>>> print(open('start-v7.tsv').read())   # TSV, C-alpha atoms and all ligand atoms
chain	number	residue	atom	x	y	z
N	1	MET	CA	0.00	0.00	0.00
N	2	HIS	CA	1.20	3.51	-0.80
N	3	ILE	CA	0.27	6.33	1.58
N	4	THR	CA	0.88	10.09	1.30
N	5	VAL	CA	0.94	12.49	4.25
N	6	VAL	CA	0.22	16.12	3.31
N	7	PRO	CA	1.64	18.23	4.82
N	8	ALA	CA	4.15	15.92	6.52
N	9	SER	CA	5.88	18.51	8.71
N	10	PRO	CA	3.30	18.98	11.52
N	11	LYS	CA	4.02	16.90	14.64
N	12	THR	CA	0.89	14.79	14.01
N	13	GLY	CA	2.11	14.10	10.46
N	14	GLN	CA	5.47	13.00	11.81
N	15	ALA	CA	3.83	10.72	14.39
N	16	THR	CA	1.67	9.11	11.70
N	17	ILE	CA	4.67	8.52	9.43
N	18	ARG	CA	6.57	6.96	12.37
N	19	SER	CA	3.64	4.57	13.01
N	20	LEU	CA	3.30	3.68	9.33
N	21	LEU	CA	6.99	2.92	8.91
N	22	ALA	CA	6.92	0.69	12.01
N	23	ASP	CA	3.91	-1.28	10.78
N	24	ALA	CA	4.39	-4.90	9.78
N	25	ARG	CA	2.28	-4.40	6.63
N	26	ASN	CA	5.25	-2.43	5.23
N	27	PRO	CA	3.46	0.42	3.44
N	28	THR	CA	5.49	2.83	1.35
N	29	VAL	CA	5.09	6.42	2.55
N	30	ARG	CA	5.45	9.78	0.81
N	31	GLY	CA	5.67	12.97	2.85
N	32	VAL	CA	4.90	16.35	1.26
N	33	TYR	CA	7.06	19.18	2.68
N	34	ARG	CA	6.99	22.82	1.68
N	35	ASP	CA	10.60	22.91	2.83
N	36	LEU	CA	12.61	19.75	2.24
N	37	ALA	CA	15.17	20.90	4.81
N	38	LYS	CA	12.53	19.96	7.44
N	39	VAL	CA	12.57	16.21	6.66
N	40	PRO	CA	13.64	14.46	9.89
N	41	ALA	CA	16.82	12.38	9.66
N	42	GLU	CA	14.99	9.30	11.01
N	43	PHE	CA	12.79	9.25	7.87
N	44	LYS	CA	15.35	10.40	5.28
N	45	SER	CA	17.30	7.18	5.44
N	46	HIS	CA	14.26	4.88	5.56
N	47	PRO	CA	13.95	2.67	2.44
N	48	ARG	CA	10.14	2.90	2.39
N	49	PHE	CA	9.99	6.68	2.76
N	50	GLU	CA	10.12	9.38	0.11
N	51	ALA	CA	10.00	13.14	0.72
N	52	VAL	CA	8.67	15.45	-2.01
N	53	GLN	CA	8.37	19.22	-2.21
N	54	GLY	CA	4.87	20.73	-2.20
N	55	SER	CA	2.68	23.25	-0.44
N	56	VAL	CA	-1.01	22.88	0.30
N	57	GLU	CA	-1.25	26.56	-0.64
N	58	GLU	CA	-0.37	25.73	-4.28
N	59	ALA	CA	-2.61	23.15	-5.94
N	60	SER	CA	-0.18	22.61	-8.83
N	61	SER	CA	2.56	21.53	-6.40
N	62	LEU	CA	0.56	18.57	-5.03
N	63	ASP	CA	1.07	15.21	-6.73
N	64	LEU	CA	-0.80	12.37	-5.04
N	65	SER	CA	-0.60	9.95	-7.99
N	66	GLY	CA	-0.13	6.32	-7.08
N	67	SER	CA	-1.36	6.83	-3.49
N	68	ASP	CA	-3.99	4.45	-2.13
N	69	ALA	CA	-4.62	6.63	0.91
N	70	VAL	CA	-3.88	10.20	1.97
N	71	LEU	CA	-3.62	11.81	5.41
N	72	ASN	CA	-4.43	15.51	5.29
N	73	ILE	CA	-3.70	17.96	8.11
N	74	THR	CA	-4.99	21.54	8.00
N	75	PRO	CA	-1.85	23.46	8.93
N	76	PRO	CA	-2.42	25.94	11.73
N	77	LEU	CA	-1.50	29.60	11.21
N	78	TYR	CA	0.12	30.99	14.32
N	79	VAL	CA	1.99	34.04	13.11
N	80	GLU	CA	0.34	35.43	10.01
N	81	GLU	CA	-2.43	37.97	10.34
N	82	ARG	CA	-4.79	36.17	7.91
N	83	ASP	CA	-8.37	34.94	7.74
N	84	ILE	CA	-7.70	31.44	9.06
N	85	VAL	CA	-11.05	30.04	7.91
N	86	ALA	CA	-10.56	31.28	4.34
N	87	HIS	CA	-7.05	29.81	4.44
N	88	ALA	CA	-8.41	26.45	5.62
N	89	ARG	CA	-10.92	26.48	2.74
N	90	LEU	CA	-8.19	27.26	0.20
N	91	VAL	CA	-5.78	24.54	1.35
N	92	SER	CA	-8.60	21.96	1.67
N	93	GLU	CA	-9.85	22.73	-1.85
N	94	ASN	CA	-6.30	22.31	-3.14
N	95	VAL	CA	-5.98	18.92	-1.44
N	96	LYS	CA	-9.41	17.86	-2.71
N	97	ALA	CA	-8.44	18.74	-6.29
N	98	ALA	CA	-5.19	16.78	-5.96
N	99	VAL	CA	-7.01	13.73	-4.52
N	100	GLN	CA	-9.54	13.80	-7.34
N	101	LYS	CA	-6.81	14.14	-9.98
N	102	ALA	CA	-5.07	11.05	-8.63
N	103	ALA	CA	-7.55	8.32	-9.54
N	104	SER	CA	-5.73	5.82	-7.30
N	105	VAL	CA	-6.77	7.43	-3.97
N	106	LYS	CA	-9.42	5.28	-2.28
N	107	ARG	CA	-9.34	6.80	1.19
N	108	LEU	CA	-8.78	10.29	2.57
N	109	VAL	CA	-8.17	10.60	6.32
N	110	LEU	CA	-8.50	14.14	7.70
N	111	LEU	CA	-6.94	15.02	11.04
N	112	SER	CA	-9.71	17.14	12.53
N	113	SER	CA	-10.81	18.37	15.94
N	114	VAL	CA	-13.42	17.78	18.56
N	115	GLY	CA	-16.05	20.47	17.85
N	116	ALA	CA	-15.55	20.50	14.08
N	117	GLN	CA	-19.29	19.86	13.65
N	118	TYR	CA	-20.07	23.40	14.83
N	119	ASP	CA	-20.04	26.42	12.51
N	120	HIS	CA	-19.80	29.01	15.29
N	121	GLY	CA	-18.48	29.59	18.80
N	122	THR	CA	-15.32	27.46	18.50
N	123	GLY	CA	-12.68	29.95	17.30
N	124	GLU	CA	-9.66	28.24	15.76
N	125	ILE	CA	-11.60	24.95	15.44
N	126	LEU	CA	-13.62	26.62	12.65
N	127	THR	CA	-10.64	25.79	10.40
N	128	ASN	CA	-11.32	22.09	11.05
N	129	HIS	CA	-15.04	22.67	10.41
N	130	GLU	CA	-14.18	24.25	7.08
N	131	ALA	CA	-11.82	21.41	6.12
N	132	GLU	CA	-14.50	18.82	6.90
N	133	ALA	CA	-17.08	20.73	4.82
N	134	VAL	CA	-14.76	20.80	1.78
N	135	LEU	CA	-13.39	17.26	2.08
N	136	LYS	CA	-16.49	15.25	3.11
N	137	ASP	CA	-16.81	13.67	-0.34
N	138	ALA	CA	-13.26	14.05	-1.65
N	139	ALA	CA	-12.61	10.30	-2.01
N	140	PRO	CA	-14.67	7.09	-2.09
N	141	GLU	CA	-13.81	6.58	1.61
N	142	VAL	CA	-13.43	9.59	3.92
N	143	VAL	CA	-12.51	9.45	7.62
N	144	PHE	CA	-12.55	12.41	10.02
N	145	VAL	CA	-10.42	11.86	13.13
N	146	ARG	CA	-11.68	14.50	15.58
N	147	CYS	CA	-8.82	14.83	18.05
N	148	SER	CA	-9.25	16.17	21.57
N	149	TYR	CA	-6.83	18.63	23.22
N	150	PHE	CA	-3.22	17.63	22.54
N	151	MET	CA	-1.28	16.72	25.72
N	152	GLU	CA	1.71	18.37	23.98
N	153	ASN	CA	-0.07	21.75	24.34
N	154	TRP	CA	1.38	21.73	27.88
N	155	ALA	CA	4.94	22.20	26.51
N	156	PRO	CA	5.09	25.85	27.69
N	157	ALA	CA	4.06	24.67	31.20
N	158	VAL	CA	7.00	22.26	31.21
N	159	GLU	CA	9.31	25.20	30.43
N	160	THR	CA	7.99	27.52	33.18
N	161	VAL	CA	8.00	24.70	35.72
N	162	ARG	CA	11.59	23.88	34.86
N	163	ASP	CA	12.65	27.54	35.10
N	164	ALA	CA	10.41	28.90	37.87
N	165	GLY	CA	8.19	26.19	39.40
N	166	PHE	CA	4.81	27.44	38.12
N	167	PHE	CA	2.56	27.14	35.08
N	168	PHE	CA	-0.31	29.09	33.57
N	169	THR	CA	-3.58	27.30	32.94
N	170	THR	CA	-6.52	28.44	30.87
N	171	LEU	CA	-8.50	25.31	31.80
N	172	THR	CA	-10.64	26.71	34.61
N	173	PRO	CA	-12.05	26.24	37.17
N	174	LEU	CA	-9.53	23.75	38.49
N	175	ASP	CA	-12.06	20.90	38.54
N	176	ASN	CA	-13.08	21.37	34.88
N	177	SER	CA	-11.86	18.29	33.02
N	178	LEU	CA	-11.09	17.94	29.33
N	179	PRO	CA	-10.28	14.90	27.18
N	180	MET	CA	-6.60	15.04	26.16
N	181	ILE	CA	-4.72	12.89	23.65
N	182	ALA	CA	-1.01	12.24	23.08
N	183	VAL	CA	0.33	13.02	19.60
N	184	ARG	CA	1.83	9.54	19.38
N	185	ASP	CA	-1.67	8.05	19.86
N	186	ILE	CA	-2.97	10.34	17.11
N	187	GLY	CA	-0.22	8.95	14.88
N	188	SER	CA	-1.24	5.35	15.64
N	189	ALA	CA	-4.94	6.08	15.12
N	190	CYS	CA	-4.37	7.85	11.79
N	191	ALA	CA	-2.01	5.09	10.62
N	192	SER	CA	-4.61	2.49	11.49
N	193	GLU	CA	-7.30	4.30	9.49
N	194	LEU	CA	-4.96	4.72	6.52
N	195	LEU	CA	-3.94	1.06	6.57
N	196	GLY	CA	-7.62	0.07	6.73
N	197	THR	CA	-8.15	1.43	3.20
N	198	GLY	CA	-10.51	-0.83	1.27
N	199	THR	CA	-12.10	-2.28	4.40
N	200	PRO	CA	-15.73	-1.12	4.27
N	201	LEU	CA	-16.53	1.79	6.59
N	202	PRO	CA	-19.84	2.01	8.50
N	203	SER	CA	-20.43	5.32	6.67
N	204	THR	CA	-18.57	7.90	4.65
N	205	PRO	CA	-17.54	10.24	6.02
N	206	TYR	CA	-16.78	7.99	8.99
N	207	VAL	CA	-16.34	10.29	11.99
N	208	PHE	CA	-15.01	9.65	15.48
N	209	GLU	CA	-13.46	11.55	18.36
N	210	LEU	CA	-10.07	10.56	19.70
N	211	HIS	CA	-9.55	10.90	23.46
N	212	GLY	CA	-6.80	9.78	25.81
N	213	PRO	CA	-7.35	7.18	28.53
N	214	ARG	CA	-9.04	9.74	30.82
N	215	ALA	CA	-10.12	13.39	30.87
N	216	CYS	CA	-7.75	15.65	32.85
N	217	THR	CA	-8.11	18.78	34.97
N	218	SER	CA	-5.51	21.47	35.63
N	219	VAL	CA	-4.84	19.73	38.95
N	220	ASP	CA	-4.01	16.51	37.06
N	221	VAL	CA	-1.56	18.54	34.97
N	222	GLN	CA	-0.06	19.98	38.17
N	223	LYS	CA	0.31	16.46	39.63
N	224	ALA	CA	2.00	15.19	36.46
N	225	LEU	CA	4.40	18.16	36.49
N	226	GLU	CA	5.17	17.62	40.19
N	227	GLU	CA	5.78	13.90	39.69
N	228	VAL	CA	8.13	14.48	36.78
N	229	SER	CA	10.00	17.52	38.12
N	230	GLY	CA	10.18	16.25	41.70
N	231	LYS	CA	9.25	19.70	43.02
N	232	SER	CA	6.13	21.47	44.17
N	233	VAL	CA	4.41	23.31	41.32
N	234	GLU	CA	2.19	26.41	41.52
N	235	ILE	CA	-0.86	26.80	39.23
N	236	ARG	CA	-1.53	30.32	37.90
N	237	GLN	CA	-5.08	30.47	36.57
N	238	ILE	CA	-6.07	32.66	33.63
N	239	PRO	CA	-9.75	33.46	34.13
N	240	LYS	CA	-12.16	33.35	31.20
N	241	ALA	CA	-12.28	37.17	31.12
N	242	GLY	CA	-8.48	37.27	30.74
N	243	LEU	CA	-8.17	34.90	27.77
N	244	ALA	CA	-8.01	37.58	25.06
N	245	GLU	CA	-5.18	39.41	26.83
N	246	PHE	CA	-3.36	36.14	27.56
N	247	TYR	CA	-3.33	35.00	23.93
N	248	SER	CA	-2.52	38.52	22.67
N	249	ALA	CA	0.82	38.25	24.41
N	250	VAL	CA	1.87	35.43	22.03
N	251	PHE	CA	-0.24	35.75	18.85
N	252	PRO	CA	-1.16	38.57	16.46
N	253	PRO	CA	-4.60	40.11	17.29
N	254	ARG	CA	-6.88	38.13	14.90
N	255	ILE	CA	-5.24	34.80	15.73
N	256	ALA	CA	-5.33	35.61	19.47
N	257	GLN	CA	-9.05	36.29	19.23
N	258	GLN	CA	-9.65	32.88	17.59
N	259	PHE	CA	-7.60	31.07	20.26
N	260	ALA	CA	-9.45	32.91	23.04
N	261	GLU	CA	-12.81	31.92	21.53
N	262	MET	CA	-11.67	28.30	21.13
N	263	ASN	CA	-10.52	28.22	24.74
N	264	ALA	CA	-13.79	29.74	26.00
N	265	SER	CA	-15.75	27.11	24.01
N	266	TYR	CA	-14.67	24.36	26.42
N	267	LEU	CA	-15.26	26.37	29.59
N	268	GLU	CA	-18.63	26.54	31.32
N	269	GLY	CA	-21.19	28.18	29.03
N	270	GLY	CA	-19.18	27.37	25.88
N	271	ILE	CA	-20.51	25.28	23.00
N	272	LEU	CA	-18.06	22.40	23.52
N	273	TYR	CA	-18.77	22.35	27.25
N	274	GLU	CA	-22.47	21.87	26.41
N	275	ASP	CA	-21.80	19.84	23.18
N	276	PRO	CA	-25.41	19.86	21.94
N	277	GLN	CA	-24.62	17.72	18.85
N	278	PRO	CA	-22.07	15.17	20.11
N	279	THR	CA	-20.06	13.17	17.56
N	280	GLY	CA	-21.21	10.01	19.33
N	281	ARG	CA	-18.37	7.64	18.45
N	282	ILE	CA	-15.22	7.89	20.62
N	283	LYS	CA	-11.94	5.96	20.35
N	284	TYR	CA	-9.31	6.06	23.09
N	285	GLY	CA	-5.54	6.34	23.07
N	286	LYS	CA	-3.41	4.57	25.71
N	287	THR	CA	-0.75	7.15	26.57
N	288	GLU	CA	-1.09	8.88	29.96
N	289	LEU	CA	-0.48	12.61	30.43
N	290	VAL	CA	2.38	11.95	32.86
N	291	ASP	CA	4.28	10.02	30.17
N	292	VAL	CA	3.98	12.88	27.68
N	293	VAL	CA	5.08	15.37	30.37
N	294	LYS	CA	8.05	13.09	31.15
N	295	GLU	CA	9.06	13.04	27.50
N	296	MET	CA	8.74	16.85	27.17
N	297	TYR	CA	10.65	17.39	30.41
N	298	GLY	CA	13.43	15.14	29.15
N	299	ALA	CA	13.21	13.17	32.40
N	301	LIG	N1	-3.43	21.42	19.39
N	301	LIG	C1	-4.59	20.84	19.67
N	301	LIG	O1	-4.97	20.67	20.85
N	301	LIG	C2	-5.45	20.33	18.56
N	301	LIG	C3	-6.58	19.56	18.87
N	301	LIG	C4	-7.37	19.04	17.83
N	301	LIG	C5	-7.01	19.29	16.51
N	301	LIG	N2	-5.91	20.05	16.24
N	301	LIG	C6	-5.57	20.26	14.82
N	301	LIG	O2	-4.34	19.63	14.57
N	301	LIG	C7	-3.70	20.31	13.48
N	301	LIG	C8	-2.33	20.79	13.95
N	301	LIG	O3	-1.51	19.75	13.97
N	301	LIG	P1	-0.08	19.86	14.60
N	301	LIG	O4	-0.15	20.30	16.03
N	301	LIG	O5	0.54	18.57	14.26
N	301	LIG	O6	0.56	21.07	13.82
N	301	LIG	P2	1.97	21.78	14.09
N	301	LIG	O7	2.96	20.78	14.54
N	301	LIG	O8	1.75	23.00	14.88
N	301	LIG	O9	2.27	22.12	12.60
N	301	LIG	C9	2.60	23.29	12.01
N	301	LIG	C10	3.20	22.80	10.72
N	301	LIG	O10	2.37	23.15	9.63
N	301	LIG	C11	3.21	23.21	8.51
N	301	LIG	N3	2.69	24.10	7.47
N	301	LIG	C12	2.19	25.31	7.66
N	301	LIG	N4	1.77	25.81	6.45
N	301	LIG	C13	2.03	24.87	5.52
N	301	LIG	C14	1.85	24.81	4.12
N	301	LIG	N5	1.31	25.82	3.45
N	301	LIG	N6	2.22	23.71	3.46
N	301	LIG	C15	2.78	22.70	4.15
N	301	LIG	N7	3.00	22.71	5.49
N	301	LIG	C16	2.62	23.79	6.16
N	301	LIG	C17	4.50	23.80	9.07
N	301	LIG	O11	5.50	23.30	8.29
N	301	LIG	P3	7.00	23.86	8.22
N	301	LIG	O12	7.75	22.90	9.07
N	301	LIG	O13	7.31	23.79	6.78
N	301	LIG	O14	7.00	25.25	8.78
N	301	LIG	C18	4.56	23.30	10.50
N	301	LIG	O15	5.40	22.18	10.64
N	301	LIG	C19	-4.52	21.51	13.12
N	301	LIG	O16	-5.36	21.24	12.04
N	301	LIG	C20	-5.32	21.71	14.43
N	301	LIG	O17	-6.51	22.42	14.18
N	301	LIG	C21	-5.12	20.55	17.22
>>> encode(input="start-v7.tsv", output="structure tokens")
Amino acid sequence: MHITVVPASPKTGQATIRSLLADARNPTVRGVYRDLAKVPAEFKSHPRFEAVQGSVEEASSLDLSGSDAVLNITPPLYVEERDIVAHARLVSENVKAAVQKAASVKRLVLLSSVGAQYDHGTGEILTNHEAEAVLKDAAPEVVFVRCSYFMENWAPAVETVRDAGFFFTTLTPLDNSLPMIAVRDIGSACASELLGTGTPLPSTPYVFELHGPRACTSVDVQKALEEVSGKSVEIRQIPKAGLAEFYSAVFPPRIAQQFAEMNASYLEGGILYEDPQPTGRIKYGKTELVDVVKEMYGA
């Protein structure tokens, strides 16, 4: 089986490629990079891996010919002051055109997000909503993997704990729990869906949420950080009313506003907190938060 990951550079793309190359079914894998200097050394030398140049922003640069299955990730925009929903539509339309040009593609797997079913109130997740809307019929078999909050989002907390023994949390109040998933489990789940190409799906698009073994609160994050660092860790809460200012310190204004809205969506009163139209089907990863924290801490 021949599988293409586009774009291959995001950490979820890398994790999927790692899972595919380790699989006993020996698929061949092509990764599409806008910058070939970003190809990790561990893949470069692998006999079943090929890196090609291409950008999801340029339809003519995408060649998916010969692929049985494709993993598509909607690349996040963190630094550019652009309309992120319009950008998601553009890159998804480009991928759809490339899939349809390559007659060999039987299955498209889209890495999406919890909350992608909603067309309002979810901020940055609207990019995933847009991608799903464009790609729902892009191939004979379509799978949407709606991931929960990445455990790796706590990387900045690891840094502040290492340097100063505290971390900021925007998951409030402290007993509010959220499903969280490790990127390596996302990689395994996406690889499994890609390798299942040709096996009949219950529906197309086939949609499921991906959670970790348990939902976590900010106190669970604190405990994981304390266990790994071996020191006592202080939680600094960012209240809902302070989200816009908090994100403005790291992102340009329009992006900050989308992140603040996304964050508010899973706090009390938000659309994901209420989840009036739940996805229904949930799959679970195995990796615990403490193991991801350990890896990020380098412990
Ligand atoms: N974080 C969460 O909690 C969460 C939860 C659910 C779903 N999601 C979704 O997961 C996806 C993000 O995945 P991630 O965290 O793996 O991303 P990431 O590691 O932050 O990826 C950013 C990457 O996107 C690549 N990129 C940007 N523009 C590109 C372009 N035009 N062509 C090709 N590559 C481009 C960049 O490549 P270069 O290396 O070339 O710069 C960079 O490596 C998003 O769709 C997000 O909505 C996230």
>>> residues_near_point(input="start-v7.tsv", point="(-17.6, 26.3, 23.9)", cutoff="10 Å", atoms="only C-alpha atoms", output="ChimeraX atom specification")
/N:115,118,120-123,261-275
>>> residues_near_ligand(input="start-v7.tsv", ligand="ligand LIG 301 (chain N)", cutoff="8 Å", atoms="only C-alpha atoms and all ligand atoms", output="PyMOL selection string")
chain N and resi 6-14+32-35+38+54-58+73-77+91+111-114+124-125+127-128+146-153+180+183
>>> atom_distance(input="start-v7.tsv", atom1="atom CA of Leu243 of chain N", atom2="atom CA of Val158 of chain N")
20.0 Å
>>> residues_near_point(input="start-v7.tsv", point="(5.8, 4.7, 2.6)", cutoff="6 Å", atoms="only C-alpha atoms", output="number ranges by chain")
N: 2-3, 27-30, 48-49
>>> residues_around(input="start-v7.tsv", residues="Phe208 of chain N", least_positions_apart="5", cutoff="7 Å", atoms="all atoms listed in the file", output="NGL selection string")
:N and (144-146 or 279 or 281-283)
>>> write_last_selection(input="start-v7.tsv", atoms="C-alpha atoms", output="PDB file, keeping the file's coordinate frame")
ATOM      1  CA  PHE N 144     -12.550  12.410  10.020  1.00  0.00           C
ATOM      2  CA  VAL N 145     -10.420  11.860  13.130  1.00  0.00           C
ATOM      3  CA  ARG N 146     -11.680  14.500  15.580  1.00  0.00           C
ATOM      4  CA  THR N 279     -20.060  13.170  17.560  1.00  0.00           C
ATOM      5  CA  ARG N 281     -18.370   7.640  18.450  1.00  0.00           C
ATOM      6  CA  ILE N 282     -15.220   7.890  20.620  1.00  0.00           C
ATOM      7  CA  LYS N 283     -11.940   5.960  20.350  1.00  0.00           C
TER       8      LYS N 283
END
>>> atom_distance(input="start-v7.tsv", atom1="atom CA of Glu130 of chain N", atom2="atom CA of Gln100 of chain N")
18.4 Å
>>> residues_around(input="start-v7.tsv", residues="Arg214 of chain N", least_positions_apart="3", cutoff="12 Å", atoms="all atoms listed in the file", output="number ranges by chain")
N: 148-149, 151, 177-182, 210-211, 217, 220, 283-290
>>> axis_aligned_box(input="start-v7.tsv", around="segment 214-226 of chain N", padding_each_side="3 Å", output="lines of an AutoDock Vina configuration file")
center_x = -2.5
center_y = 15.6
center_z = 35.5
size_x = 21.3
size_y = 17.7
size_z = 15.4
>>> atom_distance(input="start-v7.tsv", atom1="atom CA of Leu64 of chain N", atom2="atom CA of Ala102 of chain N")
5.7 Å
